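Engineer: Supplied in structure tokens, the structure appears directly below.
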Amino acid sequence: MTTPGGHPYGGAQQPQGGHDQNRFNFPSAPSRPVPEQNHYQQYGQPQQPQMPPQPPPRAARQPAPKAHNPLVRPYAMTGGRTRPRYQLAIEALVSTTADPARLQGQLPEHQRICRLCQEIKSVAEISALLSIPLGVARILVADLDVTLLERVLSGLRKL
Amino acid sequence: MDFASSNGGAAPRSTTSAKIVVAGTFVGAVSEINPLRTEAVMTSASAGIDDLTHTGDKTTTTVAMDFGRITLDQDLILYLFGTPGQDRFWFMWDDLVRGAIGAVVLVDTRRLADCFPAVDYFENSGLPFVIALNGFDGHQPYTPEEVREALQIGPDAPIITTDARHRADAKSALITLVEHALMARLR
């Protein structure tokens with residue numbers, strides 16, 4: 001954490017960067033000659049290194065069936081959050097009684113989860129059936145729960 | 001509770017429900033239905049088991065649980081489950097607490113020690129809870145901060161004063177709890 005230059009981190013997190021090719025082209029001079037490039041990459045995109053590890057397994061797992069490549073990356077659905085608002089077990093059961101016609105104002109992902117959870121599903125199933133990463137599914141389901149709390153609160157205030 | 005088959009021409013009405021647990025009795029003050037009560041007349045059988053040192057005129061006690069309901073919106077119902085004070089009914093608590101938004105612990109400052117088990121239970125289960133000091137006959141002998149000190153409760157759990165017989169007080173206790181639960185989840 002105390003390394004000021006940070007190039008050891010940069011090398012590990014951005015393997016597809018130009019710096020990598022340099023290393024293969026000049027094996028005798030590993031990573032030393034181009035430290036400045038790393039600085040730019042690191043400070044220019046501070047949030048990104050946390051998320052990219054998730055998408056690749058997803059793409060690999062999804063070979064043939066309905067291969068739709070979503071324009072929106074998983075971390076965009078969660079606003080860059082990597083952690084749910086509260087702990088949610090992988091086997092936690094989710095179901096909704098929400099009327100599909102009343103889902104209009106919700107995020108598209110929330111609508112998909114709500115339609116799926118007309119029947120009881122676990123968080124793991126939601127992740128698998130909607131092919132969204134487990135961490136993202138957790139965050140989205142936790143958000144739905146907060147929506148319920150907000151409704152309860154406004155209902156109590158109106159009493 | 002399945003409404004699926006009855007959606008003729010009208011829009012199907014499905015409901016969502018939420019649950020709040022109340023340790024102590026104030027379900028009757030806010031519920032819109034006549035609460036299901038398991039209040040029983042105390043008999044000599046409870047002598048030496050239910051402590052009446054500070055509540056000499058208490059003639060009935062909650063057995064097992066109370067249950068009440070509030071309709072918050074067309075499709076949103078809040079259920080209130082009142083838990084009993086007696087620790088011999090604790091086997092019911094795990095079921096009552098499952099899926100609940102949080103808990104209100106009603107505290108009688110004349111018998112402060114009685115709420116220790118409930119506070120311990122909710123602290124251990126990780127359920128958000130608020131402490132409501134019940135002023136019997138509108139009399140509040142201790143300030144919330146004094147009670148916080150006595151109960152050794154952390155600064156994040158709200159402590160409020162209330163009169164469990166009044167609807168407005170019970171309602172504001174519930175609002176405090178839901179706000180607290182929401183903040184705990186957004187943190």
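A note on labels: chains of the structure tokens are A, B, ... as shown, every chain counts residues from 1, and ligands are counted from 1 in their shown order.
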Skipping near chain neighbours, those fewer than 4 positions away, what residues fall within 9 Å of Leu134 (chain A) using only C-alpha atoms, listed as number ranges by chain?

Structural biologist: A: 90, 123-124, 126-128, 138-139

Engineer: Which residues are near Glu91 (chain A)? Cut-off 9 Å, only C-alpha atoms, ignore same chain within fewer than 2 positions. Put them as a list in words.

Structural biologist: Leu88, Ala89, Leu93, Lys121, Ser122, Val123, Ala124 and Glu125 of chain A

Engineer: What would the file look like if the residues just selected were written as a compact mmCIF listing (two decimals), in the first residue's frame with N, CA, C and O atoms?

Structural biologist:
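What follows is the written file part_13.txt:
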# COMPACT_ATOMS: atom_id res chain seq x y z
N LEU A 88 -26.20 -11.14 1.97
CA LEU A 88 -27.27 -11.92 1.38
C LEU A 88 -26.67 -13.27 0.99
O LEU A 88 -25.75 -13.33 0.18
N ALA A 89 -27.20 -14.34 1.61
CA ALA A 89 -26.63 -15.66 1.36
C ALA A 89 -26.89 -16.10 -0.07
O ALA A 89 -27.89 -15.72 -0.67
N LEU A 93 -33.65 -17.38 -0.36
CA LEU A 93 -34.77 -17.55 -1.28
C LEU A 93 -35.46 -16.21 -1.52
O LEU A 93 -35.69 -15.45 -0.60
N LYS A 121 -37.11 -18.40 -6.07
CA LYS A 121 -35.79 -18.74 -6.61
C LYS A 121 -34.73 -18.35 -5.59
O LYS A 121 -34.93 -17.42 -4.83
N SER A 122 -33.61 -19.05 -5.64
CA SER A 122 -32.50 -18.65 -4.78
C SER A 122 -31.67 -17.60 -5.52
O SER A 122 -31.80 -17.43 -6.73
N VAL A 123 -30.84 -16.90 -4.77
CA VAL A 123 -29.98 -15.88 -5.38
C VAL A 123 -29.08 -16.52 -6.44
O VAL A 123 -28.84 -15.96 -7.50
N ALA A 124 -28.63 -17.73 -6.14
CA ALA A 124 -27.76 -18.43 -7.10
C ALA A 124 -28.50 -18.71 -8.40
O ALA A 124 -27.95 -18.56 -9.50
N GLU A 125 -29.78 -19.10 -8.29
CA GLU A 125 -30.57 -19.37 -9.50
C GLU A 125 -30.80 -18.09 -10.31
O GLU A 125 -30.76 -18.12 -11.55

Engineer: As a ChimeraX atom specification, could you give me every residue of chain B near chain A (at most 7 Å apart, counting only C-alpha atoms)?

Structural biologist: /B:14-16,72-73,175,178,182,185-187

Engineer: Please identify all polymer residues within 12 Å of Arg112 (chain A), counting only C-alpha atoms, omitting same-chain residues fewer than 3 positions from it, and present them as a ChimeraX atom specification.

Structural biologist: /A:96,100,103-104,106-109,115-118,126-127,129-132,137,140-141,144

Engineer: Need to verify the contact set: region 79-82 of chain B, 6 Å, only C-alpha atoms, exclusion of same-chain residues closer than 4 positions in sequence. Can you return it as a PyMOL selection string?

Structural biologist: chain B and resi 19-23+65-69

Engineer: Quick one: of B:Ala118, B:Phe129, B:Ala100, B:Arg165, who's nearest to His180 (chain B), counting only C-alpha atoms?

Structural biologist: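 Looking at the shortest contact to His180 (chain B), the residue is B:Phe129.
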